[in-house]
file start_35.cif (mmCIF, C-alpha atoms and all ligand atoms)
data_upload
#
loop_
_atom_site.label_atom_id
_atom_site.label_comp_id
_atom_site.auth_asym_id
_atom_site.auth_seq_id
_atom_site.Cartn_x
_atom_site.Cartn_y
_atom_site.Cartn_z
CA MET A 200 -70.66 138.30 77.75
CA ASN A 201 -67.87 136.90 79.88
CA PRO A 202 -64.38 136.44 78.38
CA GLU A 203 -64.70 132.64 78.11
CA ASP A 204 -67.87 132.85 76.06
CA THR A 205 -66.41 135.62 73.95
CA LEU A 206 -63.38 133.46 73.17
CA GLN A 207 -65.53 130.48 72.27
CA GLN A 208 -67.72 132.57 70.02
CA ALA A 209 -64.65 134.06 68.31
CA GLN A 210 -63.19 130.60 67.81
CA GLU A 211 -66.34 129.34 66.10
CA ARG A 212 -66.55 132.35 63.83
CA ILE A 213 -62.89 132.20 62.88
CA GLY A 214 -63.17 128.47 62.08
CA ALA A 215 -66.22 129.03 59.93
CA CYS A 216 -65.00 132.09 58.08
CA ALA A 217 -64.59 131.56 54.35
CA ASP A 218 -61.99 134.04 53.13
CA PRO A 219 -59.30 136.49 54.31
CA ALA A 220 -61.65 139.47 53.97
CA ALA A 221 -64.16 137.91 56.39
CA LEU A 222 -61.27 137.15 58.75
CA LYS A 223 -60.21 140.81 58.71
CA GLU A 224 -63.76 141.76 59.66
CA ILE A 225 -63.72 139.39 62.66
CA GLU A 226 -60.34 140.79 63.68
CA ARG A 227 -61.76 144.29 63.65
CA GLU A 228 -64.79 143.30 65.69
CA TYR A 229 -62.80 141.62 68.45
CA VAL A 230 -59.38 143.19 68.68
CA GLY A 231 -59.78 146.38 66.60
CA LYS A 232 -59.67 149.89 68.06
CA LYS A 233 -63.41 149.87 68.75
CA GLY A 234 -63.67 146.15 69.25
CA ILE A 235 -64.83 143.98 72.12
CA VAL A 236 -61.44 143.78 73.83
CA ALA A 237 -61.00 147.57 73.62
CA ALA A 238 -64.43 147.98 75.22
CA MET A 239 -63.42 145.67 78.06
CA LEU A 240 -60.31 147.70 78.67
CA ALA A 241 -62.31 150.92 78.60
CA GLU A 242 -64.46 149.68 81.48
CA ILE A 243 -61.49 149.47 83.85
CA PRO A 244 -61.70 153.04 85.28
CA LYS A 245 -65.30 152.44 86.24
CA LEU A 246 -64.51 149.37 88.29
CA ALA A 247 -63.72 149.09 91.99
CA ALA A 248 -59.99 149.41 92.58
CA ASP A 249 -59.55 145.79 93.69
CA GLN A 250 -61.15 144.40 90.50
CA ARG A 251 -59.18 146.42 88.01
CA LYS A 252 -56.09 144.31 87.82
CA ALA A 253 -57.87 140.97 87.29
CA HIS A 254 -60.16 142.48 84.70
CA GLY A 255 -57.26 143.94 82.74
CA GLN A 256 -55.41 140.64 82.77
CA LYS A 257 -58.46 138.78 81.49
CA ALA A 258 -58.94 141.26 78.67
CA ASN A 259 -55.30 140.96 77.60
CA ALA A 260 -55.35 137.14 77.75
CA LEU A 261 -58.47 137.15 75.58
CA LYS A 262 -56.75 139.44 73.09
CA ARG A 263 -53.70 137.17 72.86
CA SER A 264 -55.81 134.05 72.32
CA ILE A 265 -57.89 135.67 69.60
CA LEU A 266 -54.80 137.00 67.79
CA GLU A 267 -53.32 133.50 67.83
CA LEU A 268 -56.47 131.96 66.36
CA LEU A 269 -56.56 134.64 63.66
CA ALA A 270 -52.92 134.02 62.69
CA LEU A 271 -53.47 130.26 62.43
CA ARG A 272 -56.52 130.69 60.23
CA GLN A 273 -54.63 133.19 58.05
CA GLN A 274 -51.92 130.57 57.50
CA THR A 275 -54.38 127.99 56.27
CA PHE A 276 -55.69 130.54 53.75
CA GLU A 277 -52.17 131.12 52.45
CA SER A 278 -51.17 127.50 52.06
CA GLY A 279 -54.56 126.79 50.49
CA LYS A 280 -53.87 129.53 47.96
CA LEU A 281 -50.51 127.90 47.07
CA ASP A 282 -52.13 124.49 46.64
CA THR A 283 -54.74 125.90 44.33
CA ALA A 284 -52.14 127.75 42.27
CA ARG A 285 -50.02 124.60 41.97
CA ARG A 286 -52.94 122.46 40.99
CA ALA A 287 -53.78 124.90 38.24
CA GLU A 288 -50.25 124.42 36.84
CA GLY A 289 -50.60 120.64 36.92
CA PHE A 290 -48.17 120.38 39.85
CA ASP A 291 -48.28 117.04 41.62
CA PRO A 292 -46.34 117.11 44.93
CA THR A 293 -46.36 113.29 45.08
CA LEU A 294 -44.29 112.78 41.90
CA PRO A 295 -40.54 112.03 42.35
CA PRO A 296 -38.25 114.95 41.44
CA PRO A 297 -36.59 115.05 38.00
CA PRO A 298 -33.16 113.34 38.06
CA ALA A 299 -30.34 115.67 39.12
CA ASN A 300 -27.46 116.04 36.68
CA ARG A 301 -24.48 114.36 38.20
CA GLY A 302 -20.91 114.80 37.00
CA SER A 303 -18.15 112.22 37.06
CA LEU A 304 -14.42 112.28 37.67
CA HIS A 305 -12.16 112.87 34.70
CA PRO A 306 -10.53 109.61 33.53
CA ILE A 307 -7.11 111.06 34.39
CA THR A 308 -8.30 111.86 37.92
CA GLN A 309 -9.68 108.33 38.22
CA VAL A 310 -6.42 106.68 37.21
CA THR A 311 -4.39 109.08 39.38
CA ARG A 312 -6.45 108.23 42.45
CA GLU A 313 -6.21 104.49 41.80
CA LEU A 314 -2.44 104.69 41.47
CA GLU A 315 -2.15 106.88 44.56
CA ASP A 316 -4.07 104.26 46.56
CA LEU A 317 -1.90 101.49 45.18
CA PHE A 318 1.37 103.26 45.99
CA ILE A 319 0.21 104.43 49.40
CA SER A 320 -0.51 100.76 50.18
CA MET A 321 3.14 100.04 49.31
CA GLY A 322 4.40 102.71 51.71
CA TYR A 323 4.90 105.55 49.22
CA GLU A 324 4.19 109.20 49.99
CA VAL A 325 2.26 111.27 47.42
CA LEU A 326 3.95 114.57 46.52
CA ASP A 327 3.07 117.66 44.57
CA GLY A 328 5.45 120.04 42.83
CA PRO A 329 5.25 123.46 41.18
CA GLU A 330 4.16 123.58 37.54
CA VAL A 331 6.17 126.75 37.02
CA GLU A 332 9.61 125.42 37.84
CA LEU A 333 13.16 126.69 38.07
CA ASP A 334 15.48 125.63 35.26
CA HIS A 335 17.68 124.29 38.05
CA TYR A 336 15.14 121.65 39.13
CA ASN A 337 13.74 120.90 35.68
CA PHE A 338 17.18 120.42 34.05
CA GLU A 339 20.41 121.24 35.87
CA ALA A 340 19.94 119.17 39.01
CA LEU A 341 18.72 116.27 36.86
CA ASN A 342 22.12 116.14 35.18
CA ILE A 343 20.84 117.90 32.07
CA THR A 344 23.39 120.66 31.49
CA LYS A 345 22.80 123.79 29.40
CA ASP A 346 24.13 122.31 26.15
CA HIS A 347 22.69 118.83 26.65
CA PRO A 348 20.74 117.52 23.62
CA ALA A 349 17.99 116.28 25.98
CA ARG A 350 16.87 119.89 26.23
CA ASP A 351 15.96 119.85 22.56
CA SER A 352 13.82 116.76 22.92
CA GLN A 353 11.87 118.44 25.71
CA ASP A 354 10.71 121.59 23.91
CA THR A 355 10.30 124.03 26.69
CA PHE A 356 7.95 126.92 27.42
CA TYR A 357 10.16 129.58 29.00
CA CYS A 358 8.55 132.01 31.42
CA ASP A 359 11.22 134.73 31.45
CA LYS A 360 13.87 136.19 29.14
CA GLU A 361 16.80 134.80 31.13
CA GLY A 362 15.40 131.25 30.88
CA ARG A 363 15.49 130.74 34.62
CA LEU A 364 11.78 129.89 34.94
CA VAL A 365 10.08 127.23 32.83
CA LEU A 366 6.80 125.35 32.69
CA ARG A 367 8.03 121.97 33.89
CA THR A 368 8.52 119.59 30.98
CA HIS A 369 8.27 116.49 33.19
CA THR A 370 7.51 115.52 36.79
CA SER A 371 11.17 114.57 37.40
CA PRO A 372 12.04 117.90 39.16
CA VAL A 373 9.99 116.63 42.10
CA GLN A 374 12.74 114.00 42.56
CA ILE A 375 15.18 116.72 43.60
CA ARG A 376 12.67 118.56 45.76
CA ALA A 377 11.82 115.28 47.51
CA MET A 378 15.48 114.49 48.23
CA GLU A 379 16.12 118.00 49.53
CA ASN A 380 13.33 117.68 52.05
CA ARG A 381 13.73 114.23 53.54
CA GLU A 382 16.23 111.81 54.94
CA PRO A 383 16.66 108.45 53.17
CA PRO A 384 15.26 105.86 53.05
CA PHE A 385 11.99 107.03 51.42
CA ARG A 386 9.58 106.29 48.58
CA VAL A 387 7.53 108.92 46.84
CA ILE A 388 5.31 109.39 43.80
CA ALA A 389 4.41 112.72 42.23
CA PRO A 390 1.54 112.79 39.75
CA GLY A 391 0.90 116.01 37.86
CA ARG A 392 0.62 118.17 34.80
CA VAL A 393 3.55 118.84 32.48
CA PHE A 394 4.01 121.04 29.42
CA ARG A 395 5.87 120.88 26.12
CA ASN A 396 6.15 123.51 23.46
CA GLU A 397 5.45 121.29 20.49
CA THR A 398 3.02 120.97 17.62
CA THR A 399 0.01 118.96 18.69
CA ASP A 400 -1.22 115.85 16.92
CA ALA A 401 -3.13 112.69 17.89
CA SER A 402 -0.34 111.53 20.20
CA HIS A 403 1.17 114.85 21.35
CA ASP A 404 -0.36 117.67 23.33
CA HIS A 405 1.20 120.78 24.85
CA THR A 406 -0.20 119.74 28.25
CA PHE A 407 -0.31 116.19 29.56
CA TYR A 408 0.05 114.14 32.75
CA GLN A 409 2.87 112.08 34.19
CA MET A 410 3.55 110.31 37.45
CA GLU A 411 7.07 110.32 38.79
CA GLY A 412 8.25 107.64 41.18
CA LEU A 413 11.38 107.74 43.33
CA VAL A 414 12.75 105.24 45.83
CA VAL A 415 15.95 105.90 47.79
CA GLY A 416 17.41 103.30 50.14
CA ARG A 417 20.38 101.01 50.80
CA ASP A 418 21.57 98.76 47.94
CA ILE A 419 18.59 99.40 45.69
CA SER A 420 18.98 97.40 42.50
CA VAL A 421 17.29 96.82 39.15
CA ALA A 422 15.54 93.84 40.76
CA HIS A 423 13.71 96.20 43.14
CA LEU A 424 12.79 98.38 40.19
CA ILE A 425 11.33 95.45 38.23
CA GLY A 426 9.44 94.22 41.29
CA ALA A 427 7.82 97.62 41.86
CA MET A 428 6.93 97.98 38.18
CA LYS A 429 5.26 94.55 38.09
CA THR A 430 3.13 95.51 41.09
CA LEU A 431 2.25 98.74 39.32
CA LEU A 432 1.14 96.84 36.21
CA ARG A 433 -0.92 94.42 38.27
CA GLY A 434 -2.66 97.41 39.83
CA ILE A 435 -3.39 98.98 36.47
CA PHE A 436 -4.40 95.94 34.42
CA GLY A 437 -5.64 93.66 37.18
CA ARG A 438 -3.29 90.76 36.38
CA ASP A 439 0.37 89.87 36.01
CA LEU A 440 2.01 90.92 32.76
CA ASP A 441 5.46 89.95 31.52
CA VAL A 442 7.85 92.84 31.26
CA ARG A 443 11.10 93.43 29.43
CA LEU A 444 13.75 96.11 29.79
CA ARG A 445 15.45 97.77 26.87
CA PRO A 446 18.26 100.23 27.31
CA GLY A 447 17.01 103.82 27.32
CA HIS A 448 18.97 106.99 27.72
CA PHE A 449 17.97 109.64 30.25
CA PRO A 450 20.67 111.79 31.83
CA PHE A 451 19.26 111.40 35.35
CA VAL A 452 19.42 107.59 35.49
CA GLU A 453 22.28 105.16 34.99
CA PRO A 454 21.57 102.57 33.76
CA GLY A 455 18.36 103.83 32.13
CA PHE A 456 15.64 101.62 30.65
CA GLU A 457 12.48 101.58 28.63
CA LEU A 458 10.17 99.12 30.29
CA ASP A 459 7.77 97.30 27.98
CA ALA A 460 4.85 95.15 29.07
CA ARG A 461 3.18 92.32 27.20
CA CYS A 462 0.18 93.80 25.43
CA PRO A 463 -2.81 93.22 27.74
CA PHE A 464 -5.23 93.33 24.80
CA CYS A 465 -4.02 90.57 22.50
CA LYS A 466 -1.90 87.44 22.14
CA SER A 467 -0.52 87.79 18.64
CA GLY A 468 -0.45 91.50 17.87
CA CYS A 469 -3.10 94.21 17.58
CA SER A 470 -3.38 97.89 16.72
CA VAL A 471 -2.61 98.98 20.32
CA CYS A 472 0.77 97.20 20.39
CA LYS A 473 1.36 97.91 16.69
CA ARG A 474 1.51 94.14 16.05
CA THR A 475 4.56 93.67 18.29
CA THR A 476 2.74 92.20 21.36
CA TRP A 477 4.75 94.64 23.53
CA ILE A 478 3.72 98.08 24.65
CA GLU A 479 6.23 100.68 25.60
CA LEU A 480 5.06 101.73 29.00
CA LEU A 481 7.50 103.55 31.14
CA PRO A 482 11.02 104.88 31.21
CA CYS A 483 12.95 104.17 34.38
CA GLY A 484 16.38 103.47 35.80
CA LEU A 485 18.74 103.67 38.74
CA ILE A 486 19.29 107.21 39.97
CA HIS A 487 22.46 108.81 38.60
CA PRO A 488 24.98 109.66 41.37
CA ASN A 489 25.04 113.29 40.18
CA VAL A 490 21.31 113.52 40.78
CA LEU A 491 21.57 112.06 44.27
CA ARG A 492 24.31 114.56 45.00
CA ALA A 493 22.21 117.46 43.63
CA GLY A 494 19.47 116.43 46.04
CA GLY A 495 21.89 116.36 48.97
CA VAL A 496 22.03 112.53 49.19
CA ASP A 497 25.38 110.77 49.48
CA PRO A 498 25.70 108.29 46.56
CA GLU A 499 28.33 106.31 48.48
CA LYS A 500 25.73 105.44 51.10
CA TRP A 501 22.45 105.47 49.21
CA SER A 502 21.08 104.35 45.87
CA GLY A 503 17.65 104.28 44.30
CA PHE A 504 15.42 103.94 41.28
CA ALA A 505 13.11 106.31 39.48
CA PHE A 506 10.37 105.97 36.90
CA GLY A 507 8.24 108.32 34.84
CA LEU A 508 4.81 106.95 34.00
CA GLY A 509 2.88 108.69 31.22
CA LEU A 510 -0.57 109.03 32.80
CA SER A 511 -2.21 110.49 29.70
CA ARG A 512 -0.93 107.58 27.62
CA LEU A 513 -2.06 105.10 30.21
CA VAL A 514 -5.59 106.51 30.18
CA MET A 515 -5.62 106.34 26.37
CA LEU A 516 -4.52 102.73 26.53
CA ARG A 517 -7.08 101.80 29.13
CA HIS A 518 -10.06 103.34 27.33
CA ALA A 519 -8.85 102.87 23.74
CA ILE A 520 -8.82 106.64 23.16
CA ASP A 521 -7.32 107.45 19.76
CA ASP A 522 -6.42 111.13 20.24
CA VAL A 523 -4.68 112.58 23.30
CA ARG A 524 -6.31 115.97 22.68
CA HIS A 525 -9.73 114.60 23.66
CA LEU A 526 -8.49 114.44 27.24
CA LEU A 527 -8.24 118.19 27.72
CA ASP A 528 -10.57 119.83 25.23
CA GLY A 529 -13.51 119.76 27.63
CA ASP A 530 -16.02 118.29 25.17
CA LEU A 531 -18.94 116.94 27.21
CA ARG A 532 -19.74 114.29 24.60
CA PHE A 533 -16.34 112.81 25.42
CA LEU A 534 -16.34 113.38 29.18
CA GLU A 535 -19.84 112.00 29.77
CA GLN A 536 -18.61 108.55 28.75
CA PHE A 537 -16.66 108.14 32.00
N1 LIG B 601 11.21 112.59 32.80
C1 LIG B 601 11.31 111.76 31.62
C2 LIG B 601 10.51 112.36 30.50
O1 LIG B 601 9.54 113.00 30.72
C3 LIG B 601 10.79 110.38 31.91
C4 LIG B 601 11.64 109.60 32.87
C5 LIG B 601 12.62 108.77 32.43
C6 LIG B 601 11.42 109.70 34.24
C7 LIG B 601 13.39 108.01 33.26
C8 LIG B 601 12.20 108.95 35.13
C9 LIG B 601 13.17 108.09 34.61
O2 LIG B 601 12.03 109.01 36.41
O3 LIG B 601 13.92 107.34 35.47
O4 LIG B 601 10.82 112.16 29.38
#
call {"tool": "encode", "arguments": {"input": "start_35.cif", "output": "structure tokens", "more": "lines below"}}
Ligand code: DAH
result
Amino acid sequence: MNPEDTLQQAQERIGACADPAALKEIEREYVGKKGIVAAMLAEIPKLAADQRKAHGQKANALKRSILELLALRQQTFESGKLDTARRAEGFDPTLPPPPANRGSLHPITQVTRELEDLFISMGYEVLDGPEVELDHYNFEALNITKDHPARDSQDTFYCDKEGRLVLRTHTSPVQIRAMENREPPFRVIAPGRVFRNETTDASHDHTFYQMEGLVVGRDISVAHLIGAMKTLLRGIFGRDLDVRLRPGHFPFVEPGFELDARCPFCKSGCSVCKRTTWIELLPCGLIHPNVLRAGGVDPEKWSGFAFGLGLSRLVMLRHAIDDVRHLLDGDLRFLEQF
């Protein structure tokens, strides 16, 4: 039989063969050690010298074609086997996949990102600062001297015996780091985690979030401060809210204020505003000259304002969360609501 007919015959048999065992048998017959191709090759020495080459090439081409056909058929057996196995398990490849579990951003991350976008749109730079901080930045440079009573109200986790290293008790140290590293005028915010060594209850946790703001420029006044805070409130609550300033004492600002906003949830008093229609929202003030000096900024030339927004409190307010500890205890029943 000539090679063409042999190939055609092999093709028909391979197509018709019913199982892998039968396929193996065909393989043996055609390309096995004593198979048809081997016999063709064995004839070569008996041929005239000028026919040998062509004959050998034909035999090898036939072998390649048959091996290809065998491999293809073998593949259909294997995928057929998989289909059968899947059908037996009730697998239906046309059904849509089960829904993938998808996480969501923590409510503090959500509010942080919104505020970052808002402040970036007003020309602020977003800064980061170390959570393990030098006493110098956390207290001294902020005009809080060693014996200052403000140290008692910010119960501190100390990281070494000498009291040189602390877990930062507020984001305000970033004020000094910002001033050290840039030339005025500038505007920055610094959101982040802060720590206090105090007994926890529904409104206090050892770890919580703040966002510091700092603006340094020429002739910055309380009017600039109020303007920026009103924009901030519009960003958070989606509308204009009246604000009022009460005097507040913080060693790093002079004058210092507590800024209250009209309660966004009621008109005549509710549980959020403790029936006063005002909510205490953020401490702020004009930067104390000592602080500017500590940051290497000349208070004769430059002035500025600062504010310290309590991010954890803001998130609680926004979502009516009644216990600050929910924010960090990692309970999925809580987190899945956001
Ligand atoms: N750092 C203060 C605290 O955690 C809050 C604060 C008050 C920040 C006044 C400021 C500010 O920037 O001007 O208690």
call {"tool": "atom_distance", "arguments": {"input": "start_35.cif", "atom1": "atom CA of A:Val331", "atom2": "atom CA of A:Tyr357"}}
result
9.4 Å
call {"tool": "residues_around", "arguments": {"input": "start_35.cif", "residues": "A:Leu480", "least_positions_apart": "4", "cutoff": "8 Å", "atoms": "all atoms listed in the file", "output": "list of chain:residue names"}}
result
A:Glu457, A:Leu458, A:Asp459, A:Ala460, A:Leu508, A:Gly509, A:Leu513
call {"tool": "residues_near_ligand", "arguments": {"input": "start_35.cif", "ligand": "ligand LIG 601 (chain B)", "cutoff": "8 Å", "atoms": "only C-alpha atoms and all ligand atoms", "output": "mmCIF file with C-alpha atoms, keeping the file's coordinate frame"}}
result
data_model
loop_
_atom_site.group_PDB
_atom_site.id
_atom_site.type_symbol
_atom_site.label_atom_id
_atom_site.label_comp_id
_atom_site.auth_asym_id
_atom_site.auth_seq_id
_atom_site.Cartn_x
_atom_site.Cartn_y
_atom_site.Cartn_z
ATOM 1 C CA GLN A 353 11.870 118.440 25.710
ATOM 2 C CA THR A 368 8.520 119.590 30.980
ATOM 3 C CA HIS A 369 8.270 116.490 33.190
ATOM 4 C CA THR A 370 7.510 115.520 36.790
ATOM 5 C CA SER A 371 11.170 114.570 37.400
ATOM 6 C CA GLN A 374 12.740 114.000 42.560
ATOM 7 C CA GLN A 409 2.870 112.080 34.190
ATOM 8 C CA GLU A 411 7.070 110.320 38.790
ATOM 9 C CA GLY A 412 8.250 107.640 41.180
ATOM 10 C CA LEU A 413 11.380 107.740 43.330
ATOM 11 C CA HIS A 448 18.970 106.990 27.720
ATOM 12 C CA PHE A 449 17.970 109.640 30.250
ATOM 13 C CA PHE A 451 19.260 111.400 35.350
ATOM 14 C CA VAL A 452 19.420 107.590 35.490
ATOM 15 C CA GLY A 455 18.360 103.830 32.130
ATOM 16 C CA PHE A 456 15.640 101.620 30.650
ATOM 17 C CA GLU A 457 12.480 101.580 28.630
ATOM 18 C CA LEU A 481 7.500 103.550 31.140
ATOM 19 C CA PRO A 482 11.020 104.880 31.210
ATOM 20 C CA CYS A 483 12.950 104.170 34.380
ATOM 21 C CA GLY A 484 16.380 103.470 35.800
ATOM 22 C CA LEU A 485 18.740 103.670 38.740
ATOM 23 C CA ILE A 486 19.290 107.210 39.970
ATOM 24 C CA PHE A 504 15.420 103.940 41.280
ATOM 25 C CA ALA A 505 13.110 106.310 39.480
ATOM 26 C CA PHE A 506 10.370 105.970 36.900
ATOM 27 C CA GLY A 507 8.240 108.320 34.840
ATOM 28 C CA LEU A 508 4.810 106.950 34.000
ATOM 29 C CA GLY A 509 2.880 108.690 31.220
#
call {"tool": "atom_distance", "arguments": {"input": "start_35.cif", "atom1": "atom CA of A:Gly302", "atom2": "atom CA of A:Arg532"}}
result
12.5 Å
call {"tool": "closest_residue", "arguments": {"input": "start_35.cif", "among": "A:Ser278, A:His305, A:Asp497, A:Tyr408", "to": "A:Gly529", "atoms": "only C-alpha atoms"}}
result
A:His305
call {"tool": "closest_atom_pairs", "arguments": {"input": "start_35.cif", "of": "stretch 472-504 of chain A", "to": "stretch 340-346 of chain A", "cutoff": "7 Å", "atoms": "all atoms listed in the file", "output": "tab-separated table"}}
result
residue	atom	partner	partner_atom	distance
A:Asn489	CA	A:Asn342	CA	6.5
A:Val490	CA	A:Leu341	CA	5.4
A:Ala493	CA	A:Ala340	CA	5.4
call {"tool": "write_last_selection", "arguments": {"input": "start_35.cif", "atoms": "C-alpha atoms", "output": "short mmCIF file (atom, residue, chain, number, x, y, z; two decimals), in the coordinates of the input"}}
result
data_model
loop_
_atom_site.label_atom_id
_atom_site.label_comp_id
_atom_site.auth_asym_id
_atom_site.auth_seq_id
_atom_site.Cartn_x
_atom_site.Cartn_y
_atom_site.Cartn_z
CA ASN A 489 25.04 113.29 40.18
CA VAL A 490 21.31 113.52 40.78
CA ALA A 493 22.21 117.46 43.63
#
call {"tool": "atom_distance", "arguments": {"input": "start_35.cif", "atom1": "atom CA of A:Gly434", "atom2": "atom CA of A:Gly503"}}
result
21.9 Å
call {"tool": "residues_around", "arguments": {"input": "start_35.cif", "residues": "A:Leu271", "least_positions_apart": "3", "cutoff": "12 Å", "atoms": "all atoms listed in the file", "output": "number ranges by chain"}}
result
A: 210, 213-214, 219, 222, 264-268, 274-278
call {"tool": "write_last_selection", "arguments": {"input": "start_35.cif", "atoms": "C-alpha atoms", "output": "PDB file, in the coordinates of the input"}}
result
ATOM      1  CA  GLN A 210     -63.190 130.600  67.810  1.00  0.00           C
ATOM      2  CA  ILE A 213     -62.890 132.200  62.880  1.00  0.00           C
ATOM      3  CA  GLY A 214     -63.170 128.470  62.080  1.00  0.00           C
ATOM      4  CA  PRO A 219     -59.300 136.490  54.310  1.00  0.00           C
ATOM      5  CA  LEU A 222     -61.270 137.150  58.750  1.00  0.00           C
ATOM      6  CA  SER A 264     -55.810 134.050  72.320  1.00  0.00           C
ATOM      7  CA  ILE A 265     -57.890 135.670  69.600  1.00  0.00           C
ATOM      8  CA  LEU A 266     -54.800 137.000  67.790  1.00  0.00           C
ATOM      9  CA  GLU A 267     -53.320 133.500  67.830  1.00  0.00           C
ATOM     10  CA  LEU A 268     -56.470 131.960  66.360  1.00  0.00           C
ATOM     11  CA  GLN A 274     -51.920 130.570  57.500  1.00  0.00           C
ATOM     12  CA  THR A 275     -54.380 127.990  56.270  1.00  0.00           C
ATOM     13  CA  PHE A 276     -55.690 130.540  53.750  1.00  0.00           C
ATOM     14  CA  GLU A 277     -52.170 131.120  52.450  1.00  0.00           C
ATOM     15  CA  SER A 278     -51.170 127.500  52.060  1.00  0.00           C
TER      16      SER A 278
END
call {"tool": "closest_residue", "arguments": {"input": "start_35.cif", "among": "A:Ala401, A:Leu431, A:Cys465, A:Ile478", "to": "A:Asp521", "atoms": "all atoms listed in the file"}}
result
A:Ala401
call {"tool": "residues_around", "arguments": {"input": "start_35.cif", "residues": "A:Lys262", "least_positions_apart": "3", "cutoff": "8 Å", "atoms": "all atoms listed in the file", "output": "compact mmCIF listing (two decimals) with C-alpha atoms, in the coordinates of the input"}}
result
# COMPACT_ATOMS: atom_id res chain seq x y z
CA TYR A 229 -62.80 141.62 68.45
CA VAL A 230 -59.38 143.19 68.68
CA VAL A 236 -61.44 143.78 73.83
CA ALA A 258 -58.94 141.26 78.67
CA ASN A 259 -55.30 140.96 77.60
CA ILE A 265 -57.89 135.67 69.60
CA LEU A 266 -54.80 137.00 67.79
call {"tool": "residues_around", "arguments": {"input": "start_35.cif", "residues": "stretch 398-400 of chain A", "least_positions_apart": "6", "cutoff": "8 Å", "atoms": "all atoms listed in the file", "output": "list in words"}}
result
Asp522, Val523 and Arg524 of chain A
call {"tool": "write_last_selection", "arguments": {"input": "start_35.cif", "atoms": "C-alpha atoms", "output": "PDB file, in the coordinates of the input"}}
result
ATOM      1  CA  ASP A 522      -6.420 111.130  20.240  1.00  0.00           C
ATOM      2  CA  VAL A 523      -4.680 112.580  23.300  1.00  0.00           C
ATOM      3  CA  ARG A 524      -6.310 115.970  22.680  1.00  0.00           C
TER       4      ARG A 524
END
call {"tool": "residues_near_point", "arguments": {"input": "start_35.cif", "point": "(-2.1, 117.2, 36.3)", "cutoff": "10 Å", "atoms": "all atoms listed in the file", "output": "PyMOL selection string"}}
result
chain A and resi 307-308+311+327+330+370+389-394+406-410+510-511
call {"tool": "residues_around", "arguments": {"input": "start_35.cif", "residues": "A:Val414", "least_positions_apart": "6", "cutoff": "12 Å", "atoms": "only C-alpha atoms", "output": "ChimeraX atom specification"}}
result
/A:318,321-324,374-375,377-378,381-389,420-421,423-424,427,483-486,491,501-506
call {"tool": "closest_residue", "arguments": {"input": "start_35.cif", "among": "A:Arg212, A:His347, A:Arg285, A:His405", "to": "A:Leu269", "atoms": "all atoms listed in the file"}}
result
A:Arg212
call {"tool": "closest_residue", "arguments": {"input": "start_35.cif", "among": "A:Val415, A:Cys462, A:Cys358, A:Met200", "to": "A:Asn396", "atoms": "only C-alpha atoms"}}
result
A:Cys358
call {"tool": "closest_residue", "arguments": {"input": "start_35.cif", "among": "A:Gly234, A:Gly362, A:Pro296, A:Pro306", "to": "A:His518", "atoms": "all atoms listed in the file"}}
result
A:Pro306
call {"tool": "closest_residue", "arguments": {"input": "start_35.cif", "among": "A:Glu535, A:Ile435, A:Val514, A:Leu261", "to": "A:Ala237", "atoms": "all atoms listed in the file"}}
result
A:Leu261
